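Encoded as structure tokens, the structure appears first; notes follow it.
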Amino acid sequence: MLGQIKKHWRVVLLVVVVVASTVVLFAPQFAPEEPATPGSEGANAATGVTNLQYGLDLAGGTRVRAPLLGHTASDVAFENKSTAQVASDVAAELPNTTSTDVKARVRDPANGGTGQVEVTDAAVNESEFETALTEAGYEPGEIRQGVTEETRRAAVQVIEGKINEAGLSGGSARVVTNTEGRHFVLVEVPGEGRQDVINLLEERGTVRIDIYYDQNGNYSTEQAVLSQGDFASVGTASRDRNDVAYVPVTVVDEAPEGQQSPAEQFESAAVEYGVAQSGGSTCTYMQEPVGETQDPCLLLVVNGEVVNAFGMQANLAQSMQNAEWSTDPQFRLTTGRGGDSYERAQQISIDLRAGALPAQLGISEGSVSYISATQGESFRSYSLIAGVLSVLAVAGMVFLRYREPEVALPMIVTALAEVYALLGFAALVGYPISLPVIAGFIAVVGTGVDDLVIIADEVMSEGDVRSQTVFDSRFRRAFWVIGAAAATTIIAMSPLMVLSLGDLSGFAIFTIMGVLLGVLVSRPAYGDILRTLLTER
């Protein structure tokens, strides 16, 4: 038994690959995980009988392609100033723009430092940005539309976080570039409607806590006493016994030695501005006329809009006055009761967990497409029919060519085993099956059978072969031809795999994987089967 396994180890390897693919395709342990949705525990996403995930083309859903709005100035001389100082100086020259919307990055530290300055406030146009730079004392070399590479990477991470936190299984985001060199963020969310995805993406998702207070008879606002980076943990949206929607949060209570933690800073500000006063405080900011109260208030600001305002209970205010709250800094962000209060709490939880977009997506400057679930199901059916027809066509031609079942049948079985193994690979890595991927499968069937035909023709070119020595000699000649063809295919497909060419990368990835699988596993296994069937010694 062991001797037979050693003798036919190539066939055994192919069987092991097929069995492993079966386990990955059908075992529940390999089922794709569905992101935890607000108010629920994580669960496995059901994708049908198999563990395969389907892309937008086959599952239906929404695709959004949009640029990040902003402007970038290059070759700006920083004159030995820090990047924070440069950003602050430029922001001061732009009305209604804070330093969080202006970023400076050093590219060349020599001669006082030169680098890039970008503004991500969509309301600032190019001329206003150039004027602000000049008035702040920084001469730009060139100003272009768009943001920096760092901002694009950060935006993709935030969008992926939003998709996961919203429980949208299978969604993805990446940067693509058009022929003119302009960068876009491409977001694909299978199974979701157009408006739901737009609602998730069109706002930057900035959440902060401001304090509204009396300053010598004039009422003003201290902005961002707590911002998104100050929260250590964020719970899921819930309702209390009075049906008030809220999000439980914990503030960061650690800081470098000699500095106050965000919790201590917030505690001090609440006491200083009168929110945490003796006996607590009552806020009427949201009562008509909105924003004209004389009470100190904490303001919950989402995307620049005050969505709720609240005072502070007496016991919480007392703990802040005693500097006790900052040792266990927890509280609730409430959004009121009734109406859309719970939906707003859910969105705040998502925004706090995923983070704020570093720049706004210009959805109106891009494109949005939607494929219905019914249409996606039709594509799946047509793809299956196309695959079956291609296999039947290849099988028919092979049988017509050889008219010998011991040559043709192993050829078809081996080719199908390659496609089956590729499906297992897709399930293992969680790569969604799309139309370009299916095109790659069909290409693998075609090139695979071509290689097997080369083997059969070379082996049988001089008539029947009965000697294993002669068979091995002819097989090696054929395998060199196959290896050279495989190398050519891999080289030709590599640019499609590494460049940002959208769905074409899936076609290239699975074509290359199929070629490698064929050269390393299925071609040697077919040769082993053919040797056993055709030779006697």
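Letters A, B, ... mark the chains of the structure tokens in the order given; residue numbers begin at 1 per chain; ligand numbers begin at 1, in order shown.
Within 6 Å of segment 430-436 of chain A there are A:Gln53, A:Tyr54, A:Gly55, A:Asp57, A:Ala426, A:Ala427, A:Leu428, A:Ile438, A:Ala439, A:Phe507, counting only C-alpha atoms and ignoring same-chain residues fewer than 2 positions away.
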Could you pull out all residues of segment 217-416 of chain A with a DSSP call of helix (DSSP H, G or I) and give them as a ChimeraX atom specification?
/A:228-230,262-272,314-321,325-327,341-354,363-365,373-402,405-416
Which residue of A:Asp451, A:Asp253, A:Glu142, A:Asp196 approaches Phe129 of chain A most closely, using only C-alpha atoms:
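Looking only at the distances to Phe129 of chain A, the closest residue turns out to be A:Glu142.
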Gap from atom CA of Gly304 of chain A to atom CA of Ala166 of chain A - Å, one decimal:
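Answer for the atom CA of Gly304 of chain A to atom CA of Ala166 of chain A separation: 21.5 Å.
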Taking the chain letters and numbering used in this document, name the residues of segment 199-406 of chain A that DSSP puts in strand (DSSP E or B), as an MDAnalysis selection string.
chainID A and resid 207:215 218:227 231:234 238:239 244:251 281 297:302 305:310 312 330:337 361 367:371
Do you have the atom CA of Glu93 of chain A-atom CA of Val301 of chain A distance handy?
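We find that atom CA of Glu93 of chain A and atom CA of Val301 of chain A lie 23.7 Å from each other.
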Smallest atom-to-atom distance to Arg63 of chain A: which of A:Ala276, A:Leu504, A:Leu186, A:Val470, using only C-alpha atoms?
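Going through A:Ala276, A:Leu504, A:Leu186, A:Val470 one by one, the smallest distance to Arg63 of chain A is for A:Leu186.
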From the options A:Ala408, A:Val251, A:Val106, A:Val413, which residue's atoms come nearest to Leu533 of chain A, counting only C-alpha atoms?
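Using only C-alpha atoms, the shortest distance to Leu533 of chain A belongs to A:Ala408.
For the choices A:Ser127, A:Ser268, A:Ser99, A:Gln294, the atom-to-atom distance to Ser220 of chain A is smallest for A:Gln294 when using only C-alpha atoms.
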What's the 7 Å shell around Tyr246 of chain A, counting only C-alpha atoms, without same-chain residues fewer than 5 positions away, as a list in words?
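Answer for this query is Ala237, Ser238, Arg239, Arg332, Leu333, Thr334, Thr335 and Ala345 of chain A.
Close contacts of Glu222 of chain A, defined as residues with an atom at most 10 Å away when counting only C-alpha atoms, with chain neighbours fewer than 2 positions off set aside, comprise Ile209, Asp210, Ile211, Tyr212, Tyr213, Ser220, Ala224, Val225, Ala269, Tyr273, Leu298 and Leu299 of chain A.
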Using only C-alpha atoms, which protein or nucleic acid residues come within 12 Å of Leu201 of chain A? Drop anything in the same chain fewer than 6 positions from it, and give the result as a ChimeraX atom specification.
/A:62-68,155-156,158-163,166,173,185-189,194-195,347,350-351,354,356-357,359-364,368
A:Ala59, A:Val147, A:Val76, A:Val16: which is nearest Arg380 of chain A, counting only C-alpha atoms?
A:Ala59
Pick out the residues sitting within 8 Å of Gly338 of chain A, and hand them over as a ChimeraX atom specification; count only C-alpha atoms, and ignore anything fewer than 2 positions along from it in its own chain.
/A:243-244,336,340-342
Those residues with N, CA, C and O atoms, as a short mmCIF file (atom, residue, chain, number, x, y, z; two decimals), in the first residue's frame please?
```cif
data_model
loop_
_atom_site.label_atom_id
_atom_site.label_comp_id
_atom_site.auth_asym_id
_atom_site.auth_seq_id
_atom_site.Cartn_x
_atom_site.Cartn_y
_atom_site.Cartn_z
N ASP A 243 -37.17 54.62 26.93
CA ASP A 243 -37.10 54.61 25.47
C ASP A 243 -36.17 55.70 24.92
O ASP A 243 -36.31 56.11 23.78
N VAL A 244 -35.21 56.14 25.72
CA VAL A 244 -34.22 57.11 25.25
C VAL A 244 -33.06 56.34 24.62
O VAL A 244 -32.48 55.45 25.25
N GLY A 336 -32.04 61.20 22.35
CA GLY A 336 -33.46 61.49 22.54
C GLY A 336 -34.32 60.24 22.42
O GLY A 336 -33.83 59.12 22.36
N ASP A 340 -36.38 59.20 14.80
CA ASP A 340 -35.21 58.47 14.30
C ASP A 340 -34.07 58.47 15.31
O ASP A 340 -32.91 58.34 14.93
N SER A 341 -34.41 58.62 16.59
CA SER A 341 -33.36 58.73 17.62
C SER A 341 -32.50 57.47 17.68
O SER A 341 -31.28 57.56 17.83
N TYR A 342 -33.12 56.29 17.55
CA TYR A 342 -32.34 55.06 17.63
C TYR A 342 -31.44 54.91 16.41
O TYR A 342 -30.28 54.49 16.53
#
```
Would you list the contacts of Ser461 of chain A as a PyMOL selection string, taking every protein, DNA or RNA residue within 12 Å and counting only C-alpha atoms, but skipping same-chain residues closer than 2 positions in sequence?
chain A and resi 402+453-459+463-465+470-471+474-475+477-478
